[in-house]
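Data first, discussion second: the structure below is written as structure tokens.
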Amino acid sequence: MQRLADKTILITGGAGGLGSAAVALFIEQGARVVISDLNVDTGTALAARYGKKAAFVAHDVTSEAAWAQAMDFVAQQFGQLDVLINNAGILQSGDIETTTLAQWRQLMQVNADSCFLGCQHGILAMKAHGGSIVNVASVASWMPMQDFPAYGASKAAMASLTRSAALHCRKKGYAIRVNSLHPDGIYTPMLQATAPGIAPEHILFDPARNPKGRARMPDDIARLLVFLASDDAQAVSGCALQADNALLGMGLWP
Ligand SMILES: NC(=O)c1ccc[n+]([C@@H]2O[C@H](COP(=O)([O-])OP(=O)(O)OC[C@H]3O[C@@H](n4cnc5c(N)ncnc54)[C@H](O)[C@@H]3O)[C@@H](O)[C@H]2O)c1
């Protein structure tokens with residue numbers, strides 16, 4: 001049985017590493033997918049690969065006007081929206097002394113403002129019929145990040161927004177589930193940029209932190225997006241699903 005049969009999904013950052021893996025699995029599971037991204041060339045080529053089951057929309061997730069246009073595009077292409085995946089994001093390094101205010105604001109804009117706008121527009125689009133919103137946060141929502149404090153703060157904002165939006169939907173009686181997903185390292189262009197030329201089995205975290213000895217592959221995490229998007233997760237809302245290979249549970253989290 002296909003777990004996302006007849007569902008329409010909008011995924012932001014759909015042309016990226018995790019996004020494109022998720023698009024493939026969503027389509028395999030019967031969904032119609034709108035791929036949103038700033039990267040027009042890659043997004044258009046990806047959508048073309050799936051024929052009528054996918055469409056691409058150029059969408060800057062920091063822009064309120066662009067969110068309204070993206071929602072109109074979904075309605076025109078496929079009708080009712082059933083699932084929104086807030087996945088677009090950026091990572092920039094810099095510790096608390098070296099991060100500039102401009103960098104802080106950019107990270108908050110792309111990672112946190114986008115989640116706020118996405119939840120707002122997603123709830124508006126789905127409140128009459130229900131649906132699922134998944135916010136792709138990070139283990140950085142909870143972990144101190146010496147070299148990525150602004151990224152961590154932006155992902156913590158996503159976790160908090162998720163819980164508040166989920167509670168709002170419950171109290172309003174909307175059949176919309178809102179959950180966040182918290183991976184540690186995923187072998188995508190974002191992670192590769194932090195360690196150029198290093199193979200997956202050597203990338204990220206010392207062996208004590210990552211006994212599996214490698215970063216997660218995009219498919220490993222995309223399968224969790226399928227679960228949270230699907231009716232299999234009917235009982236789950238306001239949940240922060242950690243996909244961190246026990247990083248926090250190992251007590252390595254100060
Ligand atoms: N890779 C990791 O180790 C890791 C770990 C935890 C969480 N995450 C999160 O997973 C999500 C996906 O990341 P990824 O690893 O696939 O990275 P990626 O860089 O491969 O993909 C990110 C995508 O977001 C798009 N994007 C960036 N800014 C945008 C904007 N303003 N509007 C629209 N699209 C925009 C990019 O064009 C790109 O296609 C991100 O939210 C990231 O923070 C990644």
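Following the order of the structure tokens, chains are lettered A, B, ..., residues in each are numbered from 1, and ligands are numbered from 1.
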Test item: residues lying within 8 Å of ligand 1 with only C-alpha atoms and all ligand atoms, as a ChimeraX atom specification: /A:12-20,36-39,43,58-62,86-91,109-111,114,136-140,151,155,182-192,215,218
Contacts of A:Phe227 at 10 Å (only C-alpha atoms; same-chain gap of 6+ positions) as an mmCIF file with N, CA and C atoms, in the first residue's frame:
```cif
data_model
loop_
_atom_site.group_PDB
_atom_site.id
_atom_site.type_symbol
_atom_site.label_atom_id
_atom_site.label_comp_id
_atom_site.auth_asym_id
_atom_site.auth_seq_id
_atom_site.Cartn_x
_atom_site.Cartn_y
_atom_site.Cartn_z
ATOM 1 N N ARG A 3 1.734 4.848 1.095
ATOM 2 C CA ARG A 3 1.392 5.536 2.352
ATOM 3 C C ARG A 3 0.992 6.991 2.156
ATOM 4 N N LEU A 4 1.253 7.537 0.963
ATOM 5 C CA LEU A 4 0.889 8.944 0.728
ATOM 6 C C LEU A 4 -0.011 9.074 -0.494
ATOM 7 N N ALA A 233 1.089 8.496 11.185
ATOM 8 C CA ALA A 233 1.462 9.345 12.327
ATOM 9 C C ALA A 233 0.259 10.121 12.860
ATOM 10 N N GLN A 234 -0.927 9.561 12.612
ATOM 11 C CA GLN A 234 -2.177 10.228 13.016
ATOM 12 C C GLN A 234 -2.201 10.651 14.479
#
```
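Proximity ranking of A:Ile96, A:Ala243, A:Leu167, A:Ala22 relative to A:Ala150 places A:Ile96 first, based on only C-alpha atoms.
Shortest atom-to-atom contact with A:Phe56 among A:Glu28, A:Leu10, A:Ala102, A:Asp72: A:Leu10, counting only C-alpha atoms.
Residue neighbourhood of A:Gln80, excluding near-sequence residues (fewer than 3 positions): Lys7, Thr8, Ile9, Met71, Val74, Ala75, Gln76, Gln77, Val83, Ala125, Met126, His129 and Gly131 of chain A, at 10 Å, using only C-alpha atoms.
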Could you write out the selected residues, including N, CA and C atoms, as an mmCIF file, in the first residue's frame?
```cif
data_model
loop_
_atom_site.group_PDB
_atom_site.id
_atom_site.type_symbol
_atom_site.label_atom_id
_atom_site.label_comp_id
_atom_site.auth_asym_id
_atom_site.auth_seq_id
_atom_site.Cartn_x
_atom_site.Cartn_y
_atom_site.Cartn_z
ATOM 1 N N LYS A 7 -2.106 12.278 -1.763
ATOM 2 C CA LYS A 7 -1.814 13.478 -0.967
ATOM 3 C C LYS A 7 -1.002 14.465 -1.804
ATOM 4 N N THR A 8 -1.285 15.749 -1.595
ATOM 5 C CA THR A 8 -0.478 16.793 -2.228
ATOM 6 C C THR A 8 0.461 17.378 -1.180
ATOM 7 N N ILE A 9 1.736 17.382 -1.532
ATOM 8 C CA ILE A 9 2.781 17.820 -0.590
ATOM 9 C C ILE A 9 3.532 19.002 -1.178
ATOM 10 N N MET A 71 1.399 29.053 -2.382
ATOM 11 C CA MET A 71 0.139 28.382 -2.021
ATOM 12 C C MET A 71 -0.852 28.428 -3.196
ATOM 13 N N VAL A 74 0.199 25.789 -5.687
ATOM 14 C CA VAL A 74 -0.206 24.429 -5.282
ATOM 15 C C VAL A 74 -1.665 24.201 -5.648
ATOM 16 N N ALA A 75 -2.514 25.187 -5.298
ATOM 17 C CA ALA A 75 -3.954 25.038 -5.561
ATOM 18 C C ALA A 75 -4.219 24.894 -7.060
ATOM 19 N N GLN A 76 -3.526 25.693 -7.860
ATOM 20 C CA GLN A 76 -3.730 25.613 -9.319
ATOM 21 C C GLN A 76 -3.261 24.272 -9.879
ATOM 22 N N GLN A 77 -2.124 23.803 -9.397
ATOM 23 C CA GLN A 77 -1.545 22.572 -9.949
ATOM 24 C C GLN A 77 -2.300 21.327 -9.517
ATOM 25 N N VAL A 83 -0.012 18.291 2.897
ATOM 26 C CA VAL A 83 1.206 18.194 3.715
ATOM 27 C C VAL A 83 2.148 19.335 3.335
ATOM 28 N N ALA A 125 -4.187 27.201 4.726
ATOM 29 C CA ALA A 125 -4.558 26.379 3.562
ATOM 30 C C ALA A 125 -5.221 25.062 3.974
ATOM 31 N N MET A 126 -4.917 24.552 5.174
ATOM 32 C CA MET A 126 -5.357 23.190 5.523
ATOM 33 C C MET A 126 -6.414 23.150 6.610
ATOM 34 N N HIS A 129 -9.776 21.182 6.017
ATOM 35 C CA HIS A 129 -9.793 19.739 5.747
ATOM 36 C C HIS A 129 -8.741 18.928 6.498
ATOM 37 N N GLY A 131 -4.491 18.131 7.796
ATOM 38 C CA GLY A 131 -3.231 17.858 7.108
ATOM 39 C C GLY A 131 -2.084 17.707 8.094
#
```
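Of the listed residues (A:Asp41, A:Glu64, A:Asp220, A:Asp82), A:Asp82 comes nearest to A:Val134; the distances count only C-alpha atoms.
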Distance criterion (only C-alpha atoms): nearest to A:Val178 out of A:Arg216, A:Ser141, A:Ala240, A:Arg223: A:Ala240
Secondary structure check, helix (DSSP H, G or I) residues of stretch 10-114 of chain A, as a ChimeraX atom specification: /A:17-28,40-49,51-53,64-78,101-114
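The closest residue to A:Gln242, picked from A:Cys169, A:Ala157, A:Leu124, A:Met143 and counting only C-alpha atoms, is A:Met143.
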Contacts of A:Ala5 at 9 Å (only C-alpha atoms; same-chain gap of 2+ positions) as a ChimeraX atom specification: /A:1-3,7-8,27,29-32
With all heavy atoms retained, export the selected residues as a JSON list (two decimals), in the first residue's frame.
```json
[["chain", "number", "residue", "atom", "x", "y", "z"],
["A", 1, "MET", "N", 0.83, -1.20, 0.00],
["A", 1, "MET", "CA", 0.00, 0.00, 0.00],
["A", 1, "MET", "C", 0.87, 1.26, 0.00],
["A", 1, "MET", "O", 1.87, 1.32, 0.71],
["A", 1, "MET", "CB", -0.88, 0.00, 1.25],
["A", 1, "MET", "CG", -2.05, 0.94, 1.15],
["A", 1, "MET", "SD", -2.93, 1.08, 2.74],
["A", 1, "MET", "CE", -1.85, 2.17, 3.65],
["A", 2, "GLN", "N", 0.48, 2.23, -0.81],
["A", 2, "GLN", "CA", 1.24, 3.49, -0.82],
["A", 2, "GLN", "C", 0.78, 4.36, 0.35],
["A", 2, "GLN", "O", -0.41, 4.59, 0.53],
["A", 2, "GLN", "CB", 1.03, 4.20, -2.15],
["A", 2, "GLN", "CG", 1.70, 3.48, -3.31],
["A", 2, "GLN", "CD", 1.50, 4.24, -4.61],
["A", 2, "GLN", "OE1", 0.37, 4.55, -4.97],
["A", 2, "GLN", "NE2", 2.58, 4.55, -5.28],
["A", 3, "ARG", "N", 1.73, 4.85, 1.10],
["A", 3, "ARG", "CA", 1.39, 5.54, 2.35],
["A", 3, "ARG", "C", 0.99, 6.99, 2.16],
["A", 3, "ARG", "O", 0.47, 7.62, 3.08],
["A", 3, "ARG", "CB", 2.58, 5.44, 3.31],
["A", 3, "ARG", "CG", 2.86, 3.99, 3.68],
["A", 3, "ARG", "CD", 4.23, 3.84, 4.27],
["A", 3, "ARG", "NE", 4.25, 4.21, 5.67],
["A", 3, "ARG", "CZ", 5.36, 4.37, 6.37],
["A", 3, "ARG", "NH1", 6.53, 4.22, 5.80],
["A", 3, "ARG", "NH2", 5.29, 4.69, 7.64],
["A", 7, "LYS", "N", -2.11, 12.28, -1.76],
["A", 7, "LYS", "CA", -1.81, 13.48, -0.97],
["A", 7, "LYS", "C", -1.00, 14.46, -1.80],
["A", 7, "LYS", "O", -0.14, 14.06, -2.60],
["A", 7, "LYS", "CB", -1.02, 13.12, 0.30],
["A", 7, "LYS", "CG", -1.86, 12.35, 1.33],
["A", 7, "LYS", "CD", -1.21, 12.40, 2.69],
["A", 7, "LYS", "CE", -1.87, 11.45, 3.68],
["A", 7, "LYS", "NZ", -3.24, 11.81, 4.03],
["A", 8, "THR", "N", -1.29, 15.75, -1.59],
["A", 8, "THR", "CA", -0.48, 16.79, -2.23],
["A", 8, "THR", "C", 0.46, 17.38, -1.18],
["A", 8, "THR", "O", 0.03, 17.78, -0.10],
["A", 8, "THR", "CB", -1.38, 17.90, -2.80],
["A", 8, "THR", "OG1", -2.14, 17.35, -3.88],
["A", 8, "THR", "CG2", -0.56, 19.07, -3.31],
["A", 27, "ILE", "N", 6.96, 10.57, -3.95],
["A", 27, "ILE", "CA", 6.33, 10.16, -5.21],
["A", 27, "ILE", "C", 6.20, 8.63, -5.26],
["A", 27, "ILE", "O", 5.16, 8.10, -5.66],
["A", 27, "ILE", "CB", 7.10, 10.75, -6.40],
["A", 27, "ILE", "CG1", 6.76, 12.25, -6.43],
["A", 27, "ILE", "CG2", 6.75, 10.06, -7.72],
["A", 27, "ILE", "CD1", 7.49, 13.08, -7.39],
["A", 29, "GLN", "N", 5.62, 6.84, -2.87],
["A", 29, "GLN", "CA", 4.51, 6.50, -1.96],
["A", 29, "GLN", "C", 3.18, 7.09, -2.41],
["A", 29, "GLN", "O", 2.23, 7.16, -1.64],
["A", 29, "GLN", "CB", 4.84, 6.97, -0.54],
["A", 29, "GLN", "CG", 5.98, 6.21, 0.12],
["A", 29, "GLN", "CD", 5.67, 4.73, 0.29],
["A", 29, "GLN", "OE1", 4.55, 4.35, 0.62],
["A", 29, "GLN", "NE2", 6.66, 3.87, 0.05],
["A", 30, "GLY", "N", 3.11, 7.58, -3.65],
["A", 30, "GLY", "CA", 1.82, 7.95, -4.24],
["A", 30, "GLY", "C", 1.43, 9.41, -4.16],
["A", 30, "GLY", "O", 0.31, 9.77, -4.55],
["A", 31, "ALA", "N", 2.33, 10.28, -3.66],
["A", 31, "ALA", "CA", 1.98, 11.70, -3.52],
["A", 31, "ALA", "C", 2.19, 12.48, -4.82],
["A", 31, "ALA", "O", 2.92, 12.05, -5.71],
["A", 31, "ALA", "CB", 2.81, 12.33, -2.40],
["A", 32, "ARG", "N", 1.54, 13.64, -4.88],
["A", 32, "ARG", "CA", 1.86, 14.67, -5.88],
["A", 32, "ARG", "C", 2.67, 15.71, -5.13],
["A", 32, "ARG", "O", 2.29, 16.10, -4.01],
["A", 32, "ARG", "CB", 0.58, 15.33, -6.42],
["A", 32, "ARG", "CG", -0.36, 14.36, -7.12],
["A", 32, "ARG", "CD", -1.67, 15.07, -7.43],
["A", 32, "ARG", "NE", -2.41, 15.32, -6.21],
["A", 32, "ARG", "CZ", -3.39, 14.54, -5.75],
["A", 32, "ARG", "NH1", -3.75, 13.47, -6.43],
["A", 32, "ARG", "NH2", -4.02, 14.82, -4.62]]
```
8 Å contact set for A:Gly130, only C-alpha atoms, chain neighbours under 5 positions out, as an MDAnalysis selection string: chainID A and resid 82 174:177
Just-selected residues, N, CA, C and O atoms written as a short mmCIF file (atom, residue, chain, number, x, y, z; two decimals), in the first residue's frame:
```cif
data_model
loop_
_atom_site.label_atom_id
_atom_site.label_comp_id
_atom_site.auth_asym_id
_atom_site.auth_seq_id
_atom_site.Cartn_x
_atom_site.Cartn_y
_atom_site.Cartn_z
N ASP A 82 -2.23 18.94 1.38
CA ASP A 82 -2.38 18.01 2.50
C ASP A 82 -1.19 18.01 3.45
O ASP A 82 -1.34 17.71 4.64
N TYR A 174 -8.69 22.07 14.55
CA TYR A 174 -8.25 21.78 13.18
C TYR A 174 -7.59 20.39 13.17
O TYR A 174 -6.82 20.08 14.08
N ALA A 175 -7.84 19.61 12.15
CA ALA A 175 -7.22 18.28 12.06
C ALA A 175 -5.84 18.39 11.41
O ALA A 175 -5.53 17.67 10.45
N ILE A 176 -5.06 19.30 11.93
CA ILE A 176 -3.70 19.50 11.38
C ILE A 176 -2.70 19.09 12.45
O ILE A 176 -2.76 19.58 13.57
N ARG A 177 -1.80 18.20 12.08
CA ARG A 177 -0.72 17.80 12.97
C ARG A 177 0.51 18.64 12.64
O ARG A 177 0.77 18.90 11.45
#
```
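Of the residues in stretch 26-202 of chain A, those that DSSP places in strand (DSSP E) on the basis of the backbone are A:Arg32, A:Val33, A:Val34, A:Ile35, A:Ser36, A:Asp37, A:Ala54, A:Ala55, A:Phe56, A:Val57, A:Ala58, A:Val83, A:Leu84, A:Ile85, A:Asn86, A:Gly131, A:Ser132, A:Ile133, A:Val134, A:Asn135, A:Val136, A:Ile176, A:Arg177, A:Val178, A:Asn179, A:Ser180, A:Leu181, A:His182, A:Pro183.
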Written file, previous selection with N, CA and C atoms, as a PDB file, in the first residue's frame:
```pdb
ATOM      1  N   ARG A  32       1.537  13.644  -4.883  1.00  0.00           N
ATOM      2  CA  ARG A  32       1.858  14.667  -5.882  1.00  0.00           C
ATOM      3  C   ARG A  32       2.672  15.712  -5.129  1.00  0.00           C
ATOM      4  N   VAL A  33       3.755  16.172  -5.738  1.00  0.00           N
ATOM      5  CA  VAL A  33       4.685  17.005  -4.964  1.00  0.00           C
ATOM      6  C   VAL A  33       4.955  18.329  -5.658  1.00  0.00           C
ATOM      7  N   VAL A  34       4.810  19.411  -4.903  1.00  0.00           N
ATOM      8  CA  VAL A  34       5.293  20.713  -5.371  1.00  0.00           C
ATOM      9  C   VAL A  34       6.640  20.948  -4.701  1.00  0.00           C
ATOM     10  N   ILE A  35       7.643  21.090  -5.551  1.00  0.00           N
ATOM     11  CA  ILE A  35       9.014  21.315  -5.093  1.00  0.00           C
ATOM     12  C   ILE A  35       9.238  22.821  -5.095  1.00  0.00           C
ATOM     13  N   SER A  36       9.529  23.381  -3.927  1.00  0.00           N
ATOM     14  CA  SER A  36       9.810  24.817  -3.874  1.00  0.00           C
ATOM     15  C   SER A  36      11.275  25.012  -3.531  1.00  0.00           C
ATOM     16  N   ASP A  37      11.897  25.995  -4.173  1.00  0.00           N
ATOM     17  CA  ASP A  37      13.310  26.265  -3.875  1.00  0.00           C
ATOM     18  C   ASP A  37      13.706  27.589  -4.520  1.00  0.00           C
ATOM     19  N   ALA A  54       4.906  15.892 -10.294  1.00  0.00           N
ATOM     20  CA  ALA A  54       5.647  16.938  -9.571  1.00  0.00           C
ATOM     21  C   ALA A  54       5.618  18.237 -10.355  1.00  0.00           C
ATOM     22  N   ALA A  55       5.755  19.329  -9.634  1.00  0.00           N
ATOM     23  CA  ALA A  55       5.861  20.647 -10.272  1.00  0.00           C
ATOM     24  C   ALA A  55       6.816  21.477  -9.434  1.00  0.00           C
ATOM     25  N   PHE A  56       7.466  22.425 -10.099  1.00  0.00           N
ATOM     26  CA  PHE A  56       8.426  23.277  -9.389  1.00  0.00           C
ATOM     27  C   PHE A  56       7.897  24.688  -9.288  1.00  0.00           C
ATOM     28  N   VAL A  57       8.085  25.296  -8.107  1.00  0.00           N
ATOM     29  CA  VAL A  57       7.774  26.721  -7.963  1.00  0.00           C
ATOM     30  C   VAL A  57       8.991  27.436  -7.355  1.00  0.00           C
ATOM     31  N   ALA A  58       9.402  28.525  -8.010  1.00  0.00           N
ATOM     32  CA  ALA A  58      10.486  29.353  -7.455  1.00  0.00           C
ATOM     33  C   ALA A  58       9.916  30.082  -6.249  1.00  0.00           C
ATOM     34  N   VAL A  83      -0.012  18.291   2.897  1.00  0.00           N
ATOM     35  CA  VAL A  83       1.206  18.194   3.715  1.00  0.00           C
ATOM     36  C   VAL A  83       2.148  19.335   3.335  1.00  0.00           C
ATOM     37  N   LEU A  84       2.692  19.993   4.352  1.00  0.00           N
ATOM     38  CA  LEU A  84       3.733  21.005   4.121  1.00  0.00           C
ATOM     39  C   LEU A  84       4.986  20.580   4.869  1.00  0.00           C
ATOM     40  N   ILE A  85       6.097  20.527   4.153  1.00  0.00           N
ATOM     41  CA  ILE A  85       7.385  20.226   4.797  1.00  0.00           C
ATOM     42  C   ILE A  85       8.229  21.492   4.743  1.00  0.00           C
ATOM     43  N   ASN A  86       8.455  22.106   5.898  1.00  0.00           N
ATOM     44  CA  ASN A  86       9.330  23.289   5.978  1.00  0.00           C
ATOM     45  C   ASN A  86      10.766  22.794   6.123  1.00  0.00           C
ATOM     46  N   GLY A 131      -4.491  18.131   7.796  1.00  0.00           N
ATOM     47  CA  GLY A 131      -3.231  17.858   7.108  1.00  0.00           C
ATOM     48  C   GLY A 131      -2.084  17.707   8.094  1.00  0.00           C
ATOM     49  N   SER A 132      -0.887  17.782   7.548  1.00  0.00           N
ATOM     50  CA  SER A 132       0.312  17.582   8.369  1.00  0.00           C
ATOM     51  C   SER A 132       1.371  18.613   7.992  1.00  0.00           C
ATOM     52  N   ILE A 133       1.972  19.215   9.006  1.00  0.00           N
ATOM     53  CA  ILE A 133       3.104  20.132   8.784  1.00  0.00           C
ATOM     54  C   ILE A 133       4.314  19.527   9.491  1.00  0.00           C
ATOM     55  N   VAL A 134       5.430  19.454   8.777  1.00  0.00           N
ATOM     56  CA  VAL A 134       6.656  18.954   9.402  1.00  0.00           C
ATOM     57  C   VAL A 134       7.736  20.022   9.243  1.00  0.00           C
ATOM     58  N   ASN A 135       8.309  20.411  10.367  1.00  0.00           N
ATOM     59  CA  ASN A 135       9.379  21.415  10.360  1.00  0.00           C
ATOM     60  C   ASN A 135      10.721  20.710  10.536  1.00  0.00           C
ATOM     61  N   VAL A 136      11.580  20.831   9.541  1.00  0.00           N
ATOM     62  CA  VAL A 136      12.880  20.155   9.618  1.00  0.00           C
ATOM     63  C   VAL A 136      13.827  21.047  10.416  1.00  0.00           C
ATOM     64  N   ILE A 176      -5.064  19.300  11.926  1.00  0.00           N
ATOM     65  CA  ILE A 176      -3.703  19.500  11.375  1.00  0.00           C
ATOM     66  C   ILE A 176      -2.704  19.087  12.446  1.00  0.00           C
ATOM     67  N   ARG A 177      -1.804  18.202  12.078  1.00  0.00           N
ATOM     68  CA  ARG A 177      -0.718  17.802  12.975  1.00  0.00           C
ATOM     69  C   ARG A 177       0.506  18.639  12.635  1.00  0.00           C
ATOM     70  N   VAL A 178       1.232  19.074  13.671  1.00  0.00           N
ATOM     71  CA  VAL A 178       2.456  19.862  13.439  1.00  0.00           C
ATOM     72  C   VAL A 178       3.573  19.220  14.253  1.00  0.00           C
ATOM     73  N   ASN A 179       4.602  18.779  13.582  1.00  0.00           N
ATOM     74  CA  ASN A 179       5.711  18.090  14.248  1.00  0.00           C
ATOM     75  C   ASN A 179       7.045  18.628  13.749  1.00  0.00           C
ATOM     76  N   SER A 180       8.081  18.415  14.551  1.00  0.00           N
ATOM     77  CA  SER A 180       9.423  18.799  14.094  1.00  0.00           C
ATOM     78  C   SER A 180      10.319  17.567  14.066  1.00  0.00           C
ATOM     79  N   LEU A 181      11.291  17.625  13.180  1.00  0.00           N
ATOM     80  CA  LEU A 181      12.245  16.519  13.008  1.00  0.00           C
ATOM     81  C   LEU A 181      13.646  17.076  13.312  1.00  0.00           C
ATOM     82  N   HIS A 182      14.418  16.299  14.087  1.00  0.00           N
ATOM     83  CA  HIS A 182      15.704  16.813  14.588  1.00  0.00           C
ATOM     84  C   HIS A 182      16.852  15.860  14.254  1.00  0.00           C
ATOM     85  N   PRO A 183      17.351  15.922  13.031  1.00  0.00           N
ATOM     86  CA  PRO A 183      18.480  15.050  12.675  1.00  0.00           C
ATOM     87  C   PRO A 183      19.809  15.612  13.183  1.00  0.00           C
TER      88      PRO A 183
END
```
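Among A:Leu224, A:Asp231, A:Cys239, A:His121, the residue with the shortest atom-to-atom distance to A:Ala21, counting only C-alpha atoms, is A:Leu224.
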